[in-house]
file target_1.cif (mmCIF, C-alpha atoms)
data_model
#
loop_
_atom_site.label_atom_id
_atom_site.label_comp_id
_atom_site.auth_asym_id
_atom_site.auth_seq_id
_atom_site.Cartn_x
_atom_site.Cartn_y
_atom_site.Cartn_z
CA MET X 11 -2.44 1.98 -23.90
CA GLU X 12 0.25 -0.23 -22.36
CA LEU X 13 0.71 -0.66 -18.64
CA SER X 14 4.40 0.09 -19.03
CA LEU X 15 6.39 1.76 -16.25
CA LYS X 16 9.64 2.04 -18.17
CA ASP X 17 11.81 4.94 -16.93
CA ARG X 18 9.63 5.36 -13.83
CA THR X 19 10.94 5.28 -10.27
CA ALA X 20 8.68 3.87 -7.56
CA ILE X 21 8.67 3.57 -3.77
CA VAL X 22 6.75 0.78 -2.04
CA THR X 23 6.59 1.15 1.74
CA GLY X 24 6.49 -2.14 3.60
CA GLY X 25 7.73 -3.74 0.40
CA GLY X 26 9.70 -6.58 1.91
CA THR X 27 6.87 -8.97 2.80
CA GLY X 28 3.27 -9.89 2.10
CA LEU X 29 1.27 -7.92 -0.43
CA GLY X 30 3.91 -5.18 -0.44
CA LEU X 31 6.43 -7.64 -1.84
CA GLY X 32 3.95 -8.49 -4.58
CA TYR X 33 3.41 -4.81 -5.38
CA ALA X 34 7.16 -4.20 -5.64
CA LYS X 35 7.69 -7.18 -7.96
CA ALA X 36 4.74 -6.19 -10.14
CA LEU X 37 5.99 -2.63 -10.59
CA ALA X 38 9.50 -3.87 -11.34
CA GLY X 39 8.11 -6.40 -13.81
CA ALA X 40 6.43 -3.54 -15.66
CA GLY X 41 9.75 -1.73 -15.99
CA ALA X 42 9.95 0.56 -12.97
CA ALA X 43 13.01 0.99 -10.79
CA VAL X 44 11.61 0.10 -7.37
CA ALA X 45 12.78 1.15 -3.93
CA VAL X 46 11.33 -0.82 -1.02
CA THR X 47 11.24 0.58 2.49
CA GLY X 48 10.56 -0.92 5.91
CA ARG X 49 11.93 -1.24 9.42
CA ARG X 50 13.78 -4.53 8.85
CA GLN X 51 16.66 -4.73 6.42
CA GLU X 52 16.65 -8.49 5.82
CA PRO X 53 13.29 -8.82 4.01
CA LEU X 54 14.04 -5.70 1.99
CA ASP X 55 17.33 -7.16 0.81
CA ALA X 56 15.57 -10.41 -0.09
CA CYS X 57 13.03 -8.46 -2.16
CA VAL X 58 15.83 -6.71 -4.04
CA VAL X 59 17.47 -10.06 -4.79
CA GLU X 60 14.19 -11.42 -6.22
CA ILE X 61 13.66 -8.38 -8.42
CA GLU X 62 17.25 -8.30 -9.69
CA LYS X 63 17.10 -12.02 -10.41
CA GLU X 64 14.28 -11.25 -12.85
CA GLY X 65 16.31 -8.50 -14.50
CA GLY X 66 14.76 -5.59 -12.62
CA LYS X 67 16.28 -2.68 -10.75
CA ALA X 68 15.65 -2.34 -7.01
CA LEU X 69 16.91 -0.61 -3.86
CA ALA X 70 16.41 -1.47 -0.18
CA VAL X 71 16.01 1.49 2.19
CA THR X 72 15.54 0.90 5.90
CA CYS X 73 13.08 3.46 7.23
CA ASP X 74 10.70 3.84 10.17
CA GLN X 75 7.87 5.94 8.80
CA ARG X 76 6.99 7.13 12.28
CA SER X 77 10.00 9.44 11.92
CA ARG X 78 9.84 12.50 9.68
CA GLU X 79 13.64 12.62 9.54
CA GLN X 80 13.90 8.99 8.38
CA VAL X 81 11.18 9.45 5.75
CA ASP X 82 12.81 12.56 4.31
CA ALA X 83 16.19 10.81 4.26
CA ALA X 84 14.71 7.73 2.57
CA VAL X 85 13.01 9.76 -0.16
CA GLN X 86 16.20 11.74 -0.76
CA LYS X 87 18.15 8.49 -1.08
CA VAL X 88 15.70 7.24 -3.69
CA VAL X 89 15.96 10.50 -5.65
CA GLU X 90 19.76 10.22 -5.65
CA TRP X 91 19.42 6.62 -6.86
CA GLY X 92 16.61 6.95 -9.40
CA GLY X 93 16.70 10.64 -10.27
CA LYS X 94 13.10 11.30 -9.18
CA VAL X 95 10.02 9.68 -7.64
CA ASP X 96 7.14 8.96 -10.00
CA ILE X 97 5.11 6.38 -8.05
CA LEU X 98 4.46 5.96 -4.33
CA VAL X 99 2.62 2.96 -2.90
CA ASN X 100 1.75 3.56 0.75
CA ASN X 101 1.48 -0.04 1.87
CA ALA X 102 3.27 -0.25 5.24
CA GLY X 103 1.05 -0.59 8.29
CA VAL X 104 0.58 -2.32 11.62
CA TYR X 105 -2.38 -4.46 12.59
CA PRO X 106 -2.55 -5.18 16.32
CA PRO X 107 -5.99 -6.65 17.21
CA ALA X 108 -7.48 -5.59 20.55
CA PRO X 109 -10.95 -4.95 22.01
CA PHE X 110 -11.92 -1.29 21.90
CA ILE X 111 -12.40 -1.03 25.65
CA ALA X 112 -9.02 -2.64 26.35
CA ILE X 113 -6.67 -1.12 23.78
CA GLU X 114 -3.92 0.92 25.41
CA GLU X 115 -3.56 4.53 24.34
CA GLU X 116 0.11 3.93 23.51
CA GLN X 117 -0.87 1.17 21.10
CA TRP X 118 -3.61 3.32 19.57
CA THR X 119 -1.17 6.18 19.04
CA ASP X 120 1.42 3.87 17.47
CA VAL X 121 -1.13 2.55 14.96
CA MET X 122 -2.12 6.08 13.98
CA ASP X 123 1.47 7.25 13.70
CA THR X 124 2.35 4.30 11.48
CA ASN X 125 -0.79 3.89 9.38
CA ILE X 126 -1.90 7.48 8.76
CA ASN X 127 0.96 9.77 9.76
CA GLY X 128 3.46 7.56 7.90
CA PRO X 129 1.60 7.82 4.56
CA PHE X 130 1.18 11.55 5.19
CA ARG X 131 4.93 11.96 5.61
CA PHE X 132 5.84 9.87 2.57
CA SER X 133 3.13 11.43 0.40
CA GLN X 134 4.10 14.97 1.29
CA ALA X 135 7.81 14.36 0.68
CA CYS X 136 7.15 12.60 -2.64
CA ALA X 137 4.45 15.00 -3.84
CA ARG X 138 6.86 17.93 -3.60
CA ILE X 139 9.22 16.09 -5.94
CA MET X 140 6.44 14.88 -8.24
CA ALA X 141 5.12 18.44 -8.58
CA GLU X 142 8.47 19.58 -9.95
CA HIS X 143 7.98 17.16 -12.86
CA ASN X 144 4.20 17.68 -13.13
CA TYR X 145 3.75 13.91 -12.85
CA GLY X 146 3.00 11.50 -10.05
CA ARG X 147 1.01 8.46 -8.98
CA ILE X 148 0.21 7.95 -5.29
CA ILE X 149 -1.59 4.73 -4.36
CA ASN X 150 -2.74 4.19 -0.78
CA ILE X 151 -3.48 0.67 0.42
CA LEU X 152 -6.69 0.47 2.42
CA SER X 153 -8.63 -2.37 4.02
CA PRO X 154 -12.28 -3.44 4.11
CA SER X 155 -12.16 -2.25 7.74
CA ALA X 156 -11.98 1.31 6.37
CA LEU X 157 -15.47 0.78 4.94
CA LEU X 158 -17.06 -1.76 7.31
CA GLY X 159 -17.06 -2.21 11.06
CA PHE X 160 -14.96 -5.17 12.22
CA ALA X 161 -14.60 -6.15 15.87
CA MET X 162 -11.14 -6.18 17.45
CA VAL X 163 -9.48 -3.80 14.94
CA CYS X 164 -10.82 -0.39 15.93
CA ALA X 165 -7.43 1.33 15.74
CA TYR X 166 -6.51 -0.26 12.42
CA GLY X 167 -9.93 0.38 10.85
CA THR X 168 -9.93 3.97 12.06
CA SER X 169 -6.48 4.59 10.60
CA LYS X 170 -7.50 3.12 7.24
CA GLY X 171 -10.72 5.15 7.25
CA ALA X 172 -8.64 8.28 7.78
CA LEU X 173 -6.35 7.22 4.93
CA ALA X 174 -9.39 6.85 2.66
CA SER X 175 -10.42 10.40 3.47
CA MET X 176 -6.88 11.69 2.99
CA THR X 177 -6.78 9.99 -0.43
CA ARG X 178 -9.74 12.02 -1.66
CA THR X 179 -8.42 15.29 -0.23
CA MET X 180 -4.97 14.73 -1.72
CA ALA X 181 -6.55 13.97 -5.10
CA ALA X 182 -8.39 17.29 -5.04
CA GLU X 183 -5.29 19.28 -4.16
CA LEU X 184 -2.61 17.47 -6.15
CA GLY X 185 -4.48 16.96 -9.41
CA PRO X 186 -3.54 20.37 -10.82
CA MET X 187 0.11 19.39 -10.23
CA GLY X 188 -0.20 16.34 -12.50
CA ILE X 189 -0.45 13.91 -9.56
CA THR X 190 -3.20 11.30 -9.29
CA VAL X 191 -4.07 9.83 -5.89
CA ASN X 192 -6.10 6.64 -5.55
CA SER X 193 -6.47 3.67 -3.24
CA LEU X 194 -6.66 -0.11 -3.43
CA THR X 195 -8.62 -2.22 -0.95
CA PRO X 196 -7.45 -5.84 -0.87
CA GLY X 197 -9.66 -8.23 1.03
CA VAL X 198 -8.87 -11.31 3.11
CA SER X 199 -5.26 -12.12 2.23
CA ALA X 200 -3.32 -15.19 3.35
CA THR X 201 -0.18 -13.19 4.14
CA GLU X 202 2.14 -14.38 6.88
CA ASN X 203 1.05 -11.60 9.24
CA PHE X 204 -2.66 -12.17 8.64
CA VAL X 205 -2.33 -15.92 9.14
CA ASN X 206 -0.32 -15.39 12.32
CA ILE X 207 -3.16 -13.32 13.74
CA TYR X 208 -6.16 -15.34 12.56
CA SER X 209 -4.62 -18.76 11.75
CA GLN X 210 -4.95 -20.47 8.39
CA VAL X 211 -8.24 -22.00 9.53
CA GLY X 212 -9.60 -18.53 10.27
CA VAL X 213 -8.48 -17.21 6.89
CA ASP X 214 -10.12 -20.18 5.15
CA MET X 215 -13.38 -19.64 7.02
CA MET X 216 -13.51 -15.93 6.15
CA SER X 217 -12.66 -16.66 2.53
CA LYS X 218 -15.42 -19.27 2.13
CA GLY X 219 -18.00 -16.64 3.06
CA LEU X 220 -17.06 -14.48 0.06
CA PRO X 221 -18.77 -14.69 -3.34
CA LEU X 222 -15.47 -15.83 -4.89
CA ALA X 223 -14.85 -18.19 -1.95
CA ARG X 224 -11.08 -17.70 -1.73
CA ALA X 225 -8.50 -15.37 -0.22
CA CYS X 226 -6.87 -12.53 -2.15
CA GLU X 227 -3.51 -13.42 -3.67
CA ASN X 228 -0.70 -11.15 -4.85
CA ASP X 229 -1.54 -11.69 -8.52
CA ASP X 230 -5.11 -10.55 -7.90
CA THR X 231 -3.93 -7.02 -7.13
CA THR X 232 -1.50 -6.62 -10.02
CA GLY X 233 -3.89 -5.43 -12.72
CA ALA X 234 -5.45 -2.65 -10.67
CA LEU X 235 -2.10 -1.59 -9.25
CA LEU X 236 -0.50 -1.26 -12.69
CA LEU X 237 -3.54 0.56 -14.06
CA LEU X 238 -3.36 3.21 -11.33
CA ALA X 239 0.44 3.44 -11.52
CA SER X 240 0.68 3.82 -15.29
CA ASP X 241 -0.38 6.30 -17.95
CA ALA X 242 -3.38 4.07 -18.66
CA GLY X 243 -4.91 5.39 -15.42
CA SER X 244 -4.08 9.04 -16.04
CA TYR X 245 -7.73 10.17 -15.74
CA ILE X 246 -8.47 8.21 -12.56
CA THR X 247 -8.04 10.08 -9.29
CA GLY X 248 -9.76 10.13 -5.91
CA SER X 249 -11.03 6.60 -6.53
CA ASN X 250 -10.91 3.39 -4.52
CA VAL X 251 -10.65 0.00 -6.21
CA CYS X 252 -11.83 -2.91 -4.07
CA ILE X 253 -10.03 -6.20 -4.71
CA ASP X 254 -11.87 -8.07 -2.00
CA GLY X 255 -13.79 -10.89 -3.65
CA GLY X 256 -17.04 -9.01 -3.08
CA MET X 257 -16.60 -8.48 0.68
CA THR X 258 -17.56 -4.80 0.78
CA SER X 259 -20.30 -4.91 -1.86
CA THR X 260 -22.30 -8.07 -1.15
CA PHE X 261 -24.01 -9.85 1.72
CA SER X 262 -24.07 -13.63 1.61
CA LEU X 263 -27.01 -15.53 3.09
CA GLY X 264 -25.09 -18.76 2.83
CA GLY X 265 -25.60 -21.72 0.53
#

call {"tool": "encode", "arguments": {"input": "target_1.cif", "output": "C-alpha cells"}}
result
Amino acid sequence: MELSLKDRTAIVTGGGTGLGLGYAKALAGAGAAVAVTGRRQEPLDACVVEIEKEGGKALAVTCDQRSREQVDAAVQKVVEWGGKVDILVNNAGVYPPAPFIAIEEEQWTDVMDTNINGPFRFSQACARIMAEHNYGRIINILSPSALLGFAMVCAYGTSKGALASMTRTMAAELGPMGITVNSLTPGVSATENFVNIYSQVGVDMMSKGLPLARACENDDTTGALLLLASDAGSYITGSNVCIDGGMTSTFSLGG
C-alpha cells in the first residue's frame, strides 16, 4: 500500500521551524494540503513558500494554542481552506530548562498549557470534524523525556508524559469513529532551539553516546510519520514509535 496522502488535508502545529517544518514538507511531498500553525507568522510564511516551490499546497495560520478561541478559529480556517481535516500533527511545544526546585509556577503552568492543553484543544477540535467523515489520523510528538528521567526538564518531561497517556486514551475512545491516534518520539535533534539550549558541542556529545552515534535529522522521521498518517497505518493506534537512535531502549557502557 502506498504512503500517498493525495486529497488529504493536514495541520502541523509548530510547523514553521525545526522538526515541525520537516513534518509539514514531508506530508506535502506525499500529496497532502498542509496548514502550518504557530505564534510567529514569518517562519510559517517561509514554510509555505518552500512547500509551494515544490508544487505543494500550504497555508500559514497564526495561532497561540494556549487559547481555545484561537485554536477553534484556526481549525475553522483550515476547514474553509481545505474542506476538512484528515491529519493532525501535534508538534508545537516549549522547552524551558530549569532545576525542579527553582522552576517558577508561572513557567510550569505555561509549559503545561502549551504542551498538553494545546494538543488537547487541537485534537478535540479536529476529532469532531474527523468523526463526521469517519476518518482521521492524529499524531502526537513526544520526547525521550516522556519515558526517561532527565535533569533540568521536569516541566517539559511531565507534559510529554501526560501527552503519551492522552494518546492512548484518545486511541481507545476515537477508534470507533475511524480515527487513529499514535505518537512519535524523536531523539536528540540538532534543531535551532535544541542547539541554542545545549550548544552544538552538547548535541554532539549526547549523540555520540547513542548506538547510532548521531543526532536525529528531519529525514529520519519521515517514514514513520507517513506510515501513521496514511492508509498504510490504518490498523495502528495507541502506539508510540521511537526514532531516537536507540536512546530509550539501550544502555551504552561506552567503547

call {"tool": "residues_around", "arguments": {"input": "target_1.cif", "residues": "Gly197 (chain X)", "least_positions_apart": "6", "cutoff": "7 Å", "atoms": "only C-alpha atoms", "output": "PyMOL selection string"}}
result
chain X and resi 153-154+226+253-255+257

call {"tool": "resolve_selection", "arguments": {"input": "target_1.cif", "expression": "the PyMOL selection byres ((chain X and resi 92) around 9)", "output": "list in words"}}
result
Arg18, Thr19, Ala20, Ala43, Val44, Ala45, Lys87, Val88, Val89, Glu90, Trp91, Gly93, Lys94 and Val95 of chain X

call {"tool": "resolve_selection", "arguments": {"input": "target_1.cif", "expression": "the PyMOL selection byres ((chain X and resi 151) around 10)", "output": "list in words"}}
result
Leu29, Gly30, Val99, Asn100, Asn101, Ala102, Gly103, Asn125, Pro129, Ile148, Ile149, Asn150, Leu152, Ser153, Lys170, Leu173, Ala174, Thr177, Asn192, Ser193, Leu194, Thr195, Pro196, Asn250 and Val251 of chain X

call {"tool": "residues_around", "arguments": {"input": "target_1.cif", "residues": "Gln80 (chain X)", "least_positions_apart": "2", "cutoff": "12 Å", "atoms": "only C-alpha atoms", "output": "ChimeraX atom specification"}}
result
/X:47-49,71-78,82-87,128,131-132,135

call {"tool": "residues_near_point", "arguments": {"input": "target_1.cif", "point": "(8.9, 3.1, -15.0)", "cutoff": "9 Å", "atoms": "all atoms listed in the file", "output": "PyMOL selection string"}}
result
chain X and resi 14-20+37-38+40-44+96-97+240

call {"tool": "residues_around", "arguments": {"input": "target_1.cif", "residues": "Pro109 (chain X)", "least_positions_apart": "3", "cutoff": "7 Å", "atoms": "all atoms listed in the file", "output": "ChimeraX atom specification"}}
result
/X:112-113,162

call {"tool": "closest_residue", "arguments": {"input": "target_1.cif", "among": "X:Ile126, X:Leu220, X:Ala242, X:Leu98", "to": "Ile189 (chain X)", "atoms": "all atoms listed in the file"}}
result
X:Leu98

call {"tool": "resolve_selection", "arguments": {"input": "target_1.cif", "expression": "the PyMOL selection byres ((chain X and resi 141) around 10)", "output": "list in words"}}
result
Asp96, Cys136, Ala137, Arg138, Ile139, Met140, Glu142, His143, Asn144, Tyr145, Gly146, Leu184, Gly185, Pro186, Met187, Gly188 and Ile189 of chain X

call {"tool": "closest_residue", "arguments": {"input": "target_1.cif", "among": "X:Ala165, X:Gly26, X:Ser155, X:Leu31", "to": "Thr124 (chain X)", "atoms": "all atoms listed in the file"}}
result
X:Ala165

call {"tool": "residues_around", "arguments": {"input": "target_1.cif", "residues": "Gly39 (chain X)", "least_positions_apart": "5", "cutoff": "9 Å", "atoms": "all atoms listed in the file", "output": "CSV table (one decimal) with C-alpha atoms, keeping the file's coordinate frame"}}
result
chain,number,residue,atom,x,y,z
X,15,LEU,CA,6.4,1.8,-16.2
X,34,ALA,CA,7.2,-4.2,-5.6
X,61,ILE,CA,13.7,-8.4,-8.4
X,64,GLU,CA,14.3,-11.2,-12.8
X,65,GLY,CA,16.3,-8.5,-14.5
X,66,GLY,CA,14.8,-5.6,-12.6

call {"tool": "residues_around", "arguments": {"input": "target_1.cif", "residues": "Gly32 (chain X)", "least_positions_apart": "4", "cutoff": "7 Å", "atoms": "only C-alpha atoms", "output": "PDB file with C-alpha atoms, in the frame of the given file"}}
result
ATOM      1  CA  GLY X  28       3.270  -9.890   2.100  1.00  0.00           C
ATOM      2  CA  ALA X  36       4.740  -6.190 -10.140  1.00  0.00           C
ATOM      3  CA  ASN X 228      -0.700 -11.150  -4.850  1.00  0.00           C
TER       4      ASN X 228
END

call {"tool": "build_atoms", "arguments": {"input": "target_1.cif", "residues": "region 134-170 of chain X", "atoms": "N, CA and C atoms", "output": "PDB file, keeping the file's coordinate frame"}}
result
ATOM      1  N   GLN X 134       3.706  13.571   1.361  1.00  0.00           N
ATOM      2  CA  GLN X 134       4.100  14.970   1.290  1.00  0.00           C
ATOM      3  C   GLN X 134       5.502  15.122   0.709  1.00  0.00           C
ATOM      4  N   ALA X 135       6.435  14.284   1.181  1.00  0.00           N
ATOM      5  CA  ALA X 135       7.810  14.360   0.680  1.00  0.00           C
ATOM      6  C   ALA X 135       7.870  14.030  -0.812  1.00  0.00           C
ATOM      7  N   CYS X 136       7.126  13.006  -1.229  1.00  0.00           N
ATOM      8  CA  CYS X 136       7.150  12.600  -2.640  1.00  0.00           C
ATOM      9  C   CYS X 136       6.381  13.574  -3.526  1.00  0.00           C
ATOM     10  N   ALA X 137       5.262  14.098  -3.036  1.00  0.00           N
ATOM     11  CA  ALA X 137       4.450  15.000  -3.840  1.00  0.00           C
ATOM     12  C   ALA X 137       5.220  16.265  -4.203  1.00  0.00           C
ATOM     13  N   ARG X 138       6.060  16.733  -3.306  1.00  0.00           N
ATOM     14  CA  ARG X 138       6.860  17.930  -3.600  1.00  0.00           C
ATOM     15  C   ARG X 138       7.804  17.673  -4.765  1.00  0.00           C
ATOM     16  N   ILE X 139       8.327  16.455  -4.835  1.00  0.00           N
ATOM     17  CA  ILE X 139       9.220  16.090  -5.940  1.00  0.00           C
ATOM     18  C   ILE X 139       8.419  15.856  -7.216  1.00  0.00           C
ATOM     19  N   MET X 140       7.287  15.143  -7.083  1.00  0.00           N
ATOM     20  CA  MET X 140       6.440  14.880  -8.240  1.00  0.00           C
ATOM     21  C   MET X 140       5.962  16.185  -8.881  1.00  0.00           C
ATOM     22  N   ALA X 141       5.626  17.163  -8.067  1.00  0.00           N
ATOM     23  CA  ALA X 141       5.120  18.440  -8.580  1.00  0.00           C
ATOM     24  C   ALA X 141       6.143  19.144  -9.443  1.00  0.00           C
ATOM     25  N   GLU X 142       7.406  18.960  -9.150  1.00  0.00           N
ATOM     26  CA  GLU X 142       8.470  19.580  -9.950  1.00  0.00           C
ATOM     27  C   GLU X 142       8.469  19.043 -11.377  1.00  0.00           C
ATOM     28  N   HIS X 143       8.006  17.791 -11.543  1.00  0.00           N
ATOM     29  CA  HIS X 143       7.980  17.160 -12.860  1.00  0.00           C
ATOM     30  C   HIS X 143       6.576  17.130 -13.458  1.00  0.00           C
ATOM     31  N   ASN X 144       5.604  17.682 -12.699  1.00  0.00           N
ATOM     32  CA  ASN X 144       4.200  17.680 -13.130  1.00  0.00           C
ATOM     33  C   ASN X 144       3.715  16.275 -13.456  1.00  0.00           C
ATOM     34  N   TYR X 145       4.158  15.306 -12.649  1.00  0.00           N
ATOM     35  CA  TYR X 145       3.750  13.910 -12.850  1.00  0.00           C
ATOM     36  C   TYR X 145       3.895  13.140 -11.539  1.00  0.00           C
ATOM     37  N   GLY X 146       2.873  12.371 -11.221  1.00  0.00           N
ATOM     38  CA  GLY X 146       3.000  11.500 -10.050  1.00  0.00           C
ATOM     39  C   GLY X 146       1.810  10.573  -9.912  1.00  0.00           C
ATOM     40  N   ARG X 147       2.057   9.437  -9.276  1.00  0.00           N
ATOM     41  CA  ARG X 147       1.010   8.460  -8.980  1.00  0.00           C
ATOM     42  C   ARG X 147       1.174   8.055  -7.515  1.00  0.00           C
ATOM     43  N   ILE X 148       0.197   8.367  -6.692  1.00  0.00           N
ATOM     44  CA  ILE X 148       0.210   7.950  -5.290  1.00  0.00           C
ATOM     45  C   ILE X 148      -0.930   6.957  -5.094  1.00  0.00           C
ATOM     46  N   ILE X 149      -0.603   5.789  -4.566  1.00  0.00           N
ATOM     47  CA  ILE X 149      -1.590   4.730  -4.360  1.00  0.00           C
ATOM     48  C   ILE X 149      -1.547   4.324  -2.894  1.00  0.00           C
ATOM     49  N   ASN X 150      -2.647   4.534  -2.198  1.00  0.00           N
ATOM     50  CA  ASN X 150      -2.740   4.190  -0.780  1.00  0.00           C
ATOM     51  C   ASN X 150      -3.455   2.848  -0.623  1.00  0.00           C
ATOM     52  N   ILE X 151      -2.893   1.991   0.204  1.00  0.00           N
ATOM     53  CA  ILE X 151      -3.480   0.670   0.420  1.00  0.00           C
ATOM     54  C   ILE X 151      -4.407   0.711   1.632  1.00  0.00           C
ATOM     55  N   LEU X 152      -5.673   0.453   1.372  1.00  0.00           N
ATOM     56  CA  LEU X 152      -6.690   0.470   2.420  1.00  0.00           C
ATOM     57  C   LEU X 152      -7.002  -0.942   2.890  1.00  0.00           C
ATOM     58  N   SER X 153      -8.147  -1.097   3.492  1.00  0.00           N
ATOM     59  CA  SER X 153      -8.630  -2.370   4.020  1.00  0.00           C
ATOM     60  C   SER X 153     -10.145  -2.310   4.061  1.00  0.00           C
ATOM     61  N   PRO X 154     -10.829  -3.457   3.944  1.00  0.00           N
ATOM     62  CA  PRO X 154     -12.280  -3.440   4.110  1.00  0.00           C
ATOM     63  C   PRO X 154     -12.712  -2.814   5.449  1.00  0.00           C
ATOM     64  N   SER X 155     -11.820  -2.844   6.442  1.00  0.00           N
ATOM     65  CA  SER X 155     -12.160  -2.250   7.740  1.00  0.00           C
ATOM     66  C   SER X 155     -12.239  -0.730   7.681  1.00  0.00           C
ATOM     67  N   ALA X 156     -11.800  -0.132   6.561  1.00  0.00           N
ATOM     68  CA  ALA X 156     -11.980   1.310   6.370  1.00  0.00           C
ATOM     69  C   ALA X 156     -13.419   1.618   5.973  1.00  0.00           C
ATOM     70  N   LEU X 157     -14.114   0.601   5.457  1.00  0.00           N
ATOM     71  CA  LEU X 157     -15.470   0.780   4.940  1.00  0.00           C
ATOM     72  C   LEU X 157     -16.525   0.088   5.787  1.00  0.00           C
ATOM     73  N   LEU X 158     -16.139  -0.971   6.494  1.00  0.00           N
ATOM     74  CA  LEU X 158     -17.060  -1.760   7.310  1.00  0.00           C
ATOM     75  C   LEU X 158     -16.564  -1.795   8.753  1.00  0.00           C
ATOM     76  N   GLY X 159     -17.449  -2.091   9.660  1.00  0.00           N
ATOM     77  CA  GLY X 159     -17.060  -2.210  11.060  1.00  0.00           C
ATOM     78  C   GLY X 159     -16.670  -3.638  11.396  1.00  0.00           C
ATOM     79  N   PHE X 160     -15.429  -3.845  11.816  1.00  0.00           N
ATOM     80  CA  PHE X 160     -14.960  -5.170  12.220  1.00  0.00           C
ATOM     81  C   PHE X 160     -14.546  -5.117  13.683  1.00  0.00           C
ATOM     82  N   ALA X 161     -14.985  -6.086  14.458  1.00  0.00           N
ATOM     83  CA  ALA X 161     -14.600  -6.150  15.870  1.00  0.00           C
ATOM     84  C   ALA X 161     -13.107  -6.416  15.996  1.00  0.00           C
ATOM     85  N   MET X 162     -12.529  -5.912  17.053  1.00  0.00           N
ATOM     86  CA  MET X 162     -11.140  -6.180  17.450  1.00  0.00           C
ATOM     87  C   MET X 162     -10.100  -5.376  16.675  1.00  0.00           C
ATOM     88  N   VAL X 163     -10.493  -4.564  15.698  1.00  0.00           N
ATOM     89  CA  VAL X 163      -9.480  -3.800  14.940  1.00  0.00           C
ATOM     90  C   VAL X 163      -9.885  -2.329  14.842  1.00  0.00           C
ATOM     91  N   CYS X 164     -10.352  -1.773  15.952  1.00  0.00           N
ATOM     92  CA  CYS X 164     -10.820  -0.390  15.930  1.00  0.00           C
ATOM     93  C   CYS X 164      -9.712   0.571  15.516  1.00  0.00           C
ATOM     94  N   ALA X 165      -8.527   0.416  16.070  1.00  0.00           N
ATOM     95  CA  ALA X 165      -7.430   1.330  15.740  1.00  0.00           C
ATOM     96  C   ALA X 165      -7.048   1.208  14.274  1.00  0.00           C
ATOM     97  N   TYR X 166      -6.893  -0.018  13.812  1.00  0.00           N
ATOM     98  CA  TYR X 166      -6.510  -0.260  12.420  1.00  0.00           C
ATOM     99  C   TYR X 166      -7.576   0.275  11.465  1.00  0.00           C
ATOM    100  N   GLY X 167      -8.840  -0.074  11.714  1.00  0.00           N
ATOM    101  CA  GLY X 167      -9.930   0.380  10.850  1.00  0.00           C
ATOM    102  C   GLY X 167     -10.042   1.892  10.822  1.00  0.00           C
ATOM    103  N   THR X 168      -9.867   2.521  11.987  1.00  0.00           N
ATOM    104  CA  THR X 168      -9.930   3.970  12.060  1.00  0.00           C
ATOM    105  C   THR X 168      -8.812   4.608  11.247  1.00  0.00           C
ATOM    106  N   SER X 169      -7.614   4.043  11.354  1.00  0.00           N
ATOM    107  CA  SER X 169      -6.480   4.590  10.600  1.00  0.00           C
ATOM    108  C   SER X 169      -6.699   4.455   9.097  1.00  0.00           C
ATOM    109  N   LYS X 170      -7.259   3.328   8.667  1.00  0.00           N
ATOM    110  CA  LYS X 170      -7.500   3.120   7.240  1.00  0.00           C
ATOM    111  C   LYS X 170      -8.664   3.992   6.748  1.00  0.00           C
TER     112      LYS X 170
END
